[in-house]
file upload.csv (CSV, C-alpha atoms)
chain,number,residue,atom,x,y,z
L,689,MET,CA,-64.6,61.3,-29.4
L,690,GLY,CA,-62.4,58.2,-29.7
L,691,ASP,CA,-59.2,57.7,-27.7
L,692,ASN,CA,-57.1,57.9,-30.8
L,693,GLN,CA,-58.5,61.1,-32.2
L,694,VAL,CA,-57.3,64.7,-31.8
L,695,VAL,CA,-59.5,67.7,-31.4
L,696,TRP,CA,-58.6,69.8,-34.5
L,697,ILE,CA,-59.0,73.5,-33.9
L,698,ARG,CA,-57.6,74.5,-37.3
L,699,PRO,CA,-57.9,71.2,-39.2
L,700,ARG,CA,-55.7,71.9,-42.2
L,701,LEU,CA,-52.8,73.5,-40.2
L,702,ARG,CA,-53.0,70.7,-37.5
L,703,ARG,CA,-53.0,67.9,-40.1
L,704,VAL,CA,-50.0,69.5,-41.9
L,705,LYS,CA,-48.2,69.7,-38.5
L,706,LEU,CA,-49.0,66.0,-37.8
L,707,ILE,CA,-47.8,64.9,-41.2
L,708,ALA,CA,-44.5,66.8,-40.7
L,709,ILE,CA,-44.0,65.3,-37.3
L,710,VAL,CA,-44.6,61.8,-38.6
L,711,LEU,CA,-42.1,62.3,-41.5
L,712,VAL,CA,-39.5,63.6,-39.0
L,713,ILE,CA,-40.0,60.6,-36.7
L,714,THR,CA,-39.8,58.0,-39.5
L,715,LEU,CA,-36.7,59.5,-41.0
L,716,SER,CA,-35.0,60.0,-37.7
L,717,ILE,CA,-35.5,56.6,-36.2
L,718,SER,CA,-34.2,54.8,-39.3
L,719,SER,CA,-30.8,56.3,-38.8
L,720,ALA,CA,-30.3,55.0,-35.2
L,721,SER,CA,-28.8,51.6,-35.8
L,722,ILE,CA,-26.3,52.9,-38.4
L,723,LEU,CA,-25.2,55.8,-36.1
L,724,VAL,CA,-24.6,53.3,-33.2
L,725,ILE,CA,-22.3,51.2,-35.4
L,726,LEU,CA,-20.5,54.2,-36.9
L,727,SER,CA,-19.9,55.6,-33.4
L,728,ARG,CA,-17.5,52.7,-32.8
L,729,LEU,CA,-18.5,52.6,-29.1
L,730,ASN,CA,-19.5,49.5,-27.3
L,731,PRO,CA,-23.3,49.1,-26.8
L,732,GLY,CA,-23.6,50.3,-23.2
L,733,SER,CA,-21.4,53.4,-23.9
L,734,ALA,CA,-23.3,54.3,-27.1
L,735,SER,CA,-26.6,54.1,-25.1
L,736,LEU,CA,-25.1,56.1,-22.2
L,737,TRP,CA,-23.8,59.1,-24.3
L,738,ARG,CA,-26.9,59.1,-26.5
L,739,LEU,CA,-29.2,59.5,-23.5
L,740,ALA,CA,-26.9,61.8,-21.5
L,741,LEU,CA,-26.5,64.3,-24.3
L,742,SER,CA,-30.2,64.3,-25.2
L,743,THR,CA,-31.0,64.9,-21.5
L,744,ILE,CA,-28.6,67.8,-21.3
L,745,ILE,CA,-29.9,69.4,-24.5
L,746,LEU,CA,-33.6,69.1,-23.4
L,747,PHE,CA,-32.8,70.3,-19.9
L,748,ALA,CA,-31.1,73.4,-21.3
L,749,PHE,CA,-34.4,74.4,-23.0
L,750,ASP,CA,-36.8,73.6,-20.2
L,751,ARG,CA,-35.8,73.6,-16.5
L,752,LYS,CA,-39.0,75.1,-15.0
L,753,GLY,CA,-41.2,72.3,-16.4
L,754,LEU,CA,-39.8,69.8,-13.9
L,755,ARG,CA,-41.6,71.6,-11.2
L,756,GLU,CA,-44.8,70.0,-12.5
L,757,LEU,CA,-43.6,66.6,-11.4
L,758,THR,CA,-45.3,65.0,-8.5
L,759,ARG,CA,-43.9,62.1,-6.5
L,760,LYS,CA,-46.1,59.6,-8.4
L,761,THR,CA,-45.3,61.0,-11.9
L,762,LEU,CA,-41.6,61.2,-11.1
L,763,LEU,CA,-41.5,57.6,-9.9
L,764,LEU,CA,-43.4,56.4,-13.1
L,765,SER,CA,-41.0,58.4,-15.2
L,766,MET,CA,-38.0,56.8,-13.5
L,767,VAL,CA,-39.5,53.3,-14.1
L,768,ALA,CA,-40.0,54.2,-17.8
L,769,GLY,CA,-36.4,55.4,-17.8
L,770,VAL,CA,-35.0,52.1,-16.5
L,771,ALA,CA,-37.0,50.3,-19.2
L,772,LEU,CA,-35.7,52.6,-21.8
L,773,GLY,CA,-32.1,52.2,-20.7
L,774,LEU,CA,-32.4,48.4,-20.8
L,775,HIS,CA,-34.0,48.6,-24.2
L,776,PHE,CA,-31.2,50.6,-25.7
L,777,THR,CA,-28.3,48.6,-24.2
L,778,LEU,CA,-29.8,45.3,-25.1
L,779,TRP,CA,-30.8,46.4,-28.6
L,780,MET,CA,-27.4,47.9,-29.3
L,781,GLU,CA,-25.8,44.6,-28.1
L,782,SER,CA,-27.9,42.8,-30.8
L,783,LEU,CA,-26.7,45.2,-33.5
L,784,PHE,CA,-23.2,43.8,-33.1
L,785,LEU,CA,-24.3,40.2,-33.2
L,786,ILE,CA,-27.0,40.0,-36.0
L,787,PRO,CA,-27.7,42.0,-39.1
L,788,VAL,CA,-29.3,45.5,-38.8
L,789,PHE,CA,-32.5,44.4,-40.5
L,790,GLU,CA,-33.0,41.4,-38.2
L,791,SER,CA,-32.2,43.4,-35.1
L,792,THR,CA,-34.5,46.3,-35.9
L,793,LEU,CA,-37.3,44.1,-37.1
L,794,LEU,CA,-37.4,42.1,-33.9
L,795,VAL,CA,-37.2,45.2,-31.7
L,796,ASP,CA,-39.9,47.0,-33.6
L,797,THR,CA,-42.5,44.3,-33.0
L,798,TYR,CA,-43.3,45.9,-29.7
L,799,PRO,CA,-46.6,47.5,-31.1
L,800,LEU,CA,-47.9,43.9,-30.9
L,801,LEU,CA,-47.2,43.9,-27.1
L,802,LEU,CA,-48.7,47.4,-26.7
L,803,THR,CA,-51.9,46.3,-28.4
L,804,LEU,CA,-52.3,43.7,-25.7
L,805,TYR,CA,-51.3,46.1,-22.9
L,806,GLU,CA,-53.8,48.7,-24.1
L,807,LYS,CA,-56.6,46.1,-23.8
L,808,ALA,CA,-55.4,44.6,-20.5
L,809,PHE,CA,-54.3,47.7,-18.6
L,810,LEU,CA,-56.0,50.7,-20.3
L,811,LYS,CA,-59.2,48.9,-21.3
L,812,ALA,CA,-58.9,49.9,-24.9
L,813,ARG,CA,-61.1,48.2,-27.5
L,814,VAL,CA,-59.4,45.5,-29.5
L,815,ARG,CA,-60.9,45.3,-33.0
L,816,PRO,CA,-61.2,42.0,-34.9
L,817,LYS,CA,-58.6,43.3,-37.5
L,818,GLU,CA,-56.1,43.8,-34.6
L,819,ILE,CA,-56.5,40.1,-33.6
L,820,ILE,CA,-56.0,39.1,-37.3
L,821,GLY,CA,-52.9,41.3,-37.6
L,822,LEU,CA,-51.4,40.1,-34.3
L,823,THR,CA,-51.9,36.4,-35.3
L,824,ALA,CA,-50.4,36.9,-38.8
L,825,ALA,CA,-47.5,38.9,-37.5
L,826,SER,CA,-46.7,36.3,-34.8
L,827,LEU,CA,-46.8,33.4,-37.4
L,828,LEU,CA,-44.6,35.3,-39.8
L,829,LEU,CA,-42.2,36.2,-37.0
L,830,TYR,CA,-41.9,32.5,-36.2
L,831,PHE,CA,-41.0,31.7,-39.8
L,832,PHE,CA,-38.6,34.6,-39.8
L,833,LEU,CA,-36.7,33.3,-36.8
L,834,GLY,CA,-36.8,29.6,-37.5
L,835,GLY,CA,-38.4,28.9,-40.8
L,836,VAL,CA,-36.1,30.8,-43.2
L,837,ASN,CA,-32.9,28.8,-42.6
L,838,GLN,CA,-31.8,31.0,-39.7
L,839,GLY,CA,-30.7,29.8,-36.3
L,840,PHE,CA,-32.0,31.5,-33.1
L,841,SER,CA,-28.9,33.3,-31.5
L,842,ILE,CA,-28.2,35.3,-28.4
L,843,GLY,CA,-28.5,38.4,-30.7
L,844,HIS,CA,-32.1,37.6,-31.4
L,845,VAL,CA,-32.7,37.1,-27.7
L,846,TYR,CA,-31.2,40.5,-26.9
L,847,ALA,CA,-33.4,42.1,-29.6
L,848,LEU,CA,-36.7,40.5,-28.4
L,849,THR,CA,-35.9,41.3,-24.8
L,850,SER,CA,-35.2,44.9,-25.8
L,851,SER,CA,-38.6,44.9,-27.5
L,852,PHE,CA,-40.3,44.0,-24.2
L,853,PHE,CA,-38.6,46.8,-22.3
L,854,VAL,CA,-39.4,49.5,-24.9
L,855,SER,CA,-43.1,48.4,-24.8
L,856,ILE,CA,-43.1,49.1,-21.1
L,857,TYR,CA,-41.5,52.5,-21.7
L,858,PHE,CA,-44.2,53.5,-24.2
L,859,LEU,CA,-47.0,52.2,-22.1
L,860,ILE,CA,-46.0,54.3,-19.1
L,861,GLY,CA,-45.4,57.3,-21.4
L,862,ARG,CA,-48.9,57.0,-22.7
L,863,VAL,CA,-50.3,57.0,-19.1
L,864,LEU,CA,-48.2,60.0,-18.1
L,865,ARG,CA,-48.9,62.0,-21.2
L,866,HIS,CA,-52.6,61.3,-21.6
L,867,ASN,CA,-53.9,60.4,-18.1
L,868,PHE,CA,-51.7,62.7,-16.1
L,869,ASN,CA,-51.5,65.4,-18.8
L,870,LEU,CA,-47.7,65.6,-18.2
L,871,PRO,CA,-46.0,67.9,-20.7
L,872,THR,CA,-43.6,66.2,-23.1
L,873,LYS,CA,-40.3,67.7,-21.8
L,874,THR,CA,-41.4,67.3,-18.2
L,875,TYR,CA,-41.8,63.6,-18.8
L,876,VAL,CA,-38.8,62.9,-21.0
L,877,ILE,CA,-36.1,64.7,-19.1
L,878,PRO,CA,-36.3,62.6,-15.9
L,879,THR,CA,-37.0,59.5,-18.1
L,880,TYR,CA,-33.9,60.0,-20.3
L,881,ALA,CA,-31.8,60.9,-17.3
L,882,THR,CA,-32.8,57.7,-15.5
L,883,ALA,CA,-32.2,55.7,-18.7
L,884,ALA,CA,-28.7,57.3,-18.9
L,885,ILE,CA,-28.0,56.2,-15.3
L,886,THR,CA,-29.3,52.7,-16.1
L,887,SER,CA,-26.9,52.5,-19.1
L,888,LEU,CA,-24.0,53.7,-16.9
L,889,ILE,CA,-24.8,50.9,-14.4
L,890,TYR,CA,-24.8,48.5,-17.3
L,891,CYS,CA,-21.4,49.8,-18.4
L,892,LEU,CA,-20.0,49.5,-14.9
L,893,PHE,CA,-21.3,46.0,-14.6
L,894,LYS,CA,-19.5,45.0,-17.8
L,895,SER,CA,-16.5,47.2,-17.0
L,896,SER,CA,-16.7,48.8,-20.4
L,897,ILE,CA,-17.2,52.5,-20.3
L,898,GLU,CA,-15.9,54.2,-23.5
L,899,ILE,CA,-15.6,57.9,-24.3
L,900,PRO,CA,-15.9,59.1,-27.9
L,901,ALA,CA,-12.3,59.9,-28.3
L,902,THR,CA,-12.2,60.8,-32.0
L,903,PRO,CA,-14.0,63.6,-33.9
L,904,GLY,CA,-15.9,61.1,-35.9
L,905,SER,CA,-17.1,59.1,-32.9
L,906,LEU,CA,-18.1,62.3,-31.1
L,907,LEU,CA,-20.0,63.5,-34.2
L,908,PHE,CA,-22.0,60.2,-34.5
L,909,VAL,CA,-22.8,60.3,-30.8
L,910,ILE,CA,-24.1,63.9,-31.0
L,911,LEU,CA,-26.2,62.9,-34.1
L,912,LEU,CA,-27.6,59.9,-32.1
L,913,ALA,CA,-28.8,62.3,-29.4
L,914,ILE,CA,-30.3,64.8,-31.8
L,915,VAL,CA,-31.7,62.8,-34.6
L,916,PRO,CA,-33.2,59.5,-33.4
L,917,MET,CA,-33.5,60.5,-29.8
L,918,ILE,CA,-34.9,64.0,-29.9
L,919,GLY,CA,-36.2,63.9,-33.5
L,920,GLY,CA,-37.6,60.4,-33.0
L,921,HIS,CA,-38.4,59.3,-29.4
L,922,THR,CA,-39.2,62.7,-28.1
L,923,LEU,CA,-41.7,63.5,-30.9
L,924,MET,CA,-43.2,60.1,-30.4
L,925,ASN,CA,-43.7,60.9,-26.7
L,926,TYR,CA,-45.4,64.2,-27.8
L,927,LEU,CA,-47.9,62.2,-29.9
L,928,LEU,CA,-48.7,59.9,-27.0
L,929,LYS,CA,-51.0,62.6,-25.5
L,930,PHE,CA,-53.3,62.2,-28.5
L,931,TYR,CA,-53.0,58.6,-29.7
L,932,LYS,CA,-52.9,55.1,-28.3
L,933,SER,CA,-49.4,53.8,-27.6
L,934,ASN,CA,-49.7,51.0,-30.2
L,935,THR,CA,-50.7,53.6,-32.8
L,936,VAL,CA,-47.8,55.9,-32.1
L,937,SER,CA,-45.2,53.1,-31.7
L,938,SER,CA,-46.3,51.6,-35.1
L,939,LEU,CA,-44.4,54.5,-36.7
L,940,SER,CA,-41.3,52.5,-35.7
L,941,LEU,CA,-42.3,49.8,-38.2
L,942,VAL,CA,-40.6,51.8,-41.0
L,943,GLU,CA,-37.3,51.5,-39.2
L,944,PRO,CA,-36.4,48.0,-40.3
L,945,ILE,CA,-36.9,49.0,-43.9
L,946,GLY,CA,-35.1,52.4,-43.7
L,947,ALA,CA,-32.3,50.9,-41.6
L,948,SER,CA,-31.8,48.0,-43.9
L,949,ILE,CA,-31.4,50.4,-46.9
L,950,LEU,CA,-28.9,52.4,-45.0
L,951,ALA,CA,-27.1,49.2,-43.8
L,952,TYR,CA,-26.8,48.0,-47.4
L,953,LEU,CA,-25.5,51.4,-48.7
L,954,ILE,CA,-23.2,52.2,-45.8
L,955,LEU,CA,-22.3,48.9,-44.2
L,956,GLY,CA,-22.7,46.5,-47.2
L,957,GLN,CA,-25.2,44.4,-45.3
L,958,ALA,CA,-27.7,42.5,-47.5
L,959,GLU,CA,-30.4,40.1,-46.5
L,960,PRO,CA,-31.7,37.1,-48.5
L,961,PRO,CA,-34.8,38.1,-50.6
L,962,LEU,CA,-37.0,35.5,-48.9
L,963,LYS,CA,-36.1,36.8,-45.5
L,964,LEU,CA,-36.8,40.4,-46.6
L,965,VAL,CA,-40.3,39.3,-47.9
L,966,VAL,CA,-41.2,37.6,-44.6
L,967,GLY,CA,-39.9,40.6,-42.6
L,968,ILE,CA,-41.9,43.1,-44.7
L,969,GLY,CA,-44.9,40.8,-44.1
L,970,VAL,CA,-44.4,41.1,-40.3
L,971,VAL,CA,-44.4,44.9,-40.7
L,972,ALA,CA,-47.5,44.9,-42.9
L,973,SER,CA,-49.4,42.7,-40.5
L,974,VAL,CA,-48.7,45.0,-37.6
L,975,LEU,CA,-49.7,48.0,-39.7
L,976,TYR,CA,-53.0,46.3,-40.6
L,977,THR,CA,-54.0,46.3,-36.9
L,978,TRP,CA,-54.6,50.0,-36.9
L,979,LEU,CA,-55.0,51.2,-40.5
call {"tool": "encode", "arguments": {"input": "upload.csv", "output": "structure tokens"}}
result
Amino acid sequence: MGDNQVVWIRPRLRRVKLIAIVLVITLSISSASILVILSRLNPGSASLWRLALSTIILFAFDRKGLRELTRKTLLLSMVAGVALGLHFTLWMESLFLIPVFESTLLVDTYPLLLTLYEKAFLKARVRPKEIIGLTAASLLLYFFLGGVNQGFSIGHVYALTSSFFVSIYFLIGRVLRHNFNLPTKTYVIPTYATAAITSLIYCLFKSSIEIPATPGSLLFVILLAIVPMIGGHTLMNYLLKFYKSNTVSSLSLVEPIGASILAYLILGQAEPPLKLVVGIGVVASVLYTWL
């Protein structure tokens, strides 16, 4: 049986469960960028509280599972956590410098990197359509950044660097969930905790730790922890046991579209039609690599 297949014991029930999980993930991750902006916290603080609260919530439901960690799996989880913390802080920095659609699109190109990682490190088979999709997405991304009358700013650099770090996080998650058979919560609790510490160090480095001081700010931070973090990232980590990392992470490709709709409705952000077309082309090219 192929690497990206699941053994279905009760096919209809299992497929319904998978569809439900995918719907929850896609809806959850689309809200992340808007919740960050609405929290009115600086990027490092928004990342810190999102990760700290989600760690506390998950730890409250599963303390015994951490006993399954070995020195090796704990170390790998911590490396994944550092990558995740850097991903969040840098991505959230970009949200305050460039439009939501541009930020999320650039960040969510990481399935391209994961396709290369799967081939190089996990010896996964790369199909011809994946090469075509990667090439098309790369060309369209080039036009999106420079060929549609848009300068390349530090915000774009933050977003692209963030994409690199999240690809490392998902690759390690794939190894721990599939190769080491590590349960989801056993993996994500130390990973999220390390990511929170990474965000804290980032805040200390910038001397900019903020506490959600208003009811509204606290509400949006709690929603960040529950909706895109637990409902999005944690469920994606659950699927990593059954599917390749580039397949699971490709679910994030709905985020630029969902986030741009929310950004238009809530924040009044609108992108030029040509840029939207090119951006959707990038998403479609990545999706083509595995459909």
call {"tool": "closest_residue", "arguments": {"input": "upload.csv", "among": "L:Ala884, L:Leu964, L:Leu800, L:Leu754", "to": "Gly732 of chain L", "atoms": "all atoms listed in the file"}}
result
L:Ala884
call {"tool": "residues_near_point", "arguments": {"input": "upload.csv", "point": "(-17.8, 50.3, -18.9)", "cutoff": "12 Å", "atoms": "only C-alpha atoms", "output": "MDAnalysis selection string"}}
result
chainID L and resid 729:737 777 887:899
call {"tool": "residues_around", "arguments": {"input": "upload.csv", "residues": "Val712 of chain L", "least_positions_apart": "4", "cutoff": "8 Å", "atoms": "only C-alpha atoms", "output": "tab-separated table (two decimals) with C-alpha atoms, in the frame of the given file"}}
result
chain	number	residue	atom	x	y	z
L	708	ALA	CA	-44.50	66.80	-40.70
L	716	SER	CA	-35.00	60.00	-37.70
L	919	GLY	CA	-36.20	63.90	-33.50
L	920	GLY	CA	-37.60	60.40	-33.00
call {"tool": "residues_around", "arguments": {"input": "upload.csv", "residues": "segment 846-862 of chain L", "least_positions_apart": "4", "cutoff": "7 Å", "atoms": "all atoms listed in the file", "output": "ChimeraX atom specification"}}
result
/L:764,768,771-772,774-776,778-779,781-782,791,794-798,801-802,842,866,925,928-929,933
call {"tool": "atom_distance", "arguments": {"input": "upload.csv", "atom1": "atom CA of Ala824 of chain L", "atom2": "atom CA of Lys807 of chain L"}}
result
18.7 Å
call {"tool": "closest_residue", "arguments": {"input": "upload.csv", "among": "L:Lys752, L:Arg738, L:Lys963, L:Lys811", "to": "Leu907 of chain L", "atoms": "only C-alpha atoms"}}
result
L:Arg738
call {"tool": "residues_near_point", "arguments": {"input": "upload.csv", "point": "(-40.8, 44.1, -44.5)", "cutoff": "10 Å", "atoms": "only C-alpha atoms", "output": "PyMOL selection string"}}
result
chain L and resi 789+793+941-945+948+963-973
call {"tool": "write_last_selection", "arguments": {"input": "upload.csv", "atoms": "C-alpha atoms", "output": "PDB file, in the coordinates of the input"}}
result
ATOM      1  CA  PHE L 789     -32.500  44.400 -40.500  1.00  0.00           C
ATOM      2  CA  LEU L 793     -37.300  44.100 -37.100  1.00  0.00           C
ATOM      3  CA  LEU L 941     -42.300  49.800 -38.200  1.00  0.00           C
ATOM      4  CA  VAL L 942     -40.600  51.800 -41.000  1.00  0.00           C
ATOM      5  CA  GLU L 943     -37.300  51.500 -39.200  1.00  0.00           C
ATOM      6  CA  PRO L 944     -36.400  48.000 -40.300  1.00  0.00           C
ATOM      7  CA  ILE L 945     -36.900  49.000 -43.900  1.00  0.00           C
ATOM      8  CA  SER L 948     -31.800  48.000 -43.900  1.00  0.00           C
ATOM      9  CA  LYS L 963     -36.100  36.800 -45.500  1.00  0.00           C
ATOM     10  CA  LEU L 964     -36.800  40.400 -46.600  1.00  0.00           C
ATOM     11  CA  VAL L 965     -40.300  39.300 -47.900  1.00  0.00           C
ATOM     12  CA  VAL L 966     -41.200  37.600 -44.600  1.00  0.00           C
ATOM     13  CA  GLY L 967     -39.900  40.600 -42.600  1.00  0.00           C
ATOM     14  CA  ILE L 968     -41.900  43.100 -44.700  1.00  0.00           C
ATOM     15  CA  GLY L 969     -44.900  40.800 -44.100  1.00  0.00           C
ATOM     16  CA  VAL L 970     -44.400  41.100 -40.300  1.00  0.00           C
ATOM     17  CA  VAL L 971     -44.400  44.900 -40.700  1.00  0.00           C
ATOM     18  CA  ALA L 972     -47.500  44.900 -42.900  1.00  0.00           C
ATOM     19  CA  SER L 973     -49.400  42.700 -40.500  1.00  0.00           C
TER      20      SER L 973
END
call {"tool": "residues_around", "arguments": {"input": "upload.csv", "residues": "Ser718 of chain L", "least_positions_apart": "4", "cutoff": "7 Å", "atoms": "all atoms listed in the file", "output": "list in words"}}
result
Thr714, Glu943, Gly946 and Ala947 of chain L
call {"tool": "closest_residue", "arguments": {"input": "upload.csv", "among": "L:Gln957, L:Thr803, L:Thr922, L:Ser841", "to": "Arg815 of chain L", "atoms": "all atoms listed in the file"}}
result
L:Thr803
call {"tool": "closest_atom_pairs", "arguments": {"input": "upload.csv", "of": "segment 720-801 of chain L", "to": "segment 870-875 of chain L", "cutoff": "8 Å", "atoms": "all atoms listed in the file", "output": "JSON lines"}}
result
{"residue": "L:Leu746", "atom": "CA", "partner": "L:Lys873", "partner_atom": "CA", "distance": 7.0}
{"residue": "L:Asp750", "atom": "CA", "partner": "L:Lys873", "partner_atom": "CA", "distance": 7.0}
{"residue": "L:Gly753", "atom": "CA", "partner": "L:Thr874", "partner_atom": "CA", "distance": 5.3}
{"residue": "L:Leu754", "atom": "CA", "partner": "L:Thr874", "partner_atom": "CA", "distance": 5.2}
{"residue": "L:Glu756", "atom": "CA", "partner": "L:Thr874", "partner_atom": "CA", "distance": 7.2}
{"residue": "L:Leu757", "atom": "CA", "partner": "L:Thr874", "partner_atom": "CA", "distance": 7.2}
{"residue": "L:Ser765", "atom": "CA", "partner": "L:Tyr875", "partner_atom": "CA", "distance": 6.4}
call {"tool": "atom_distance", "arguments": {"input": "upload.csv", "atom1": "atom CA of Val909 of chain L", "atom2": "atom CA of Ser719 of chain L"}}
result
12.0 Å
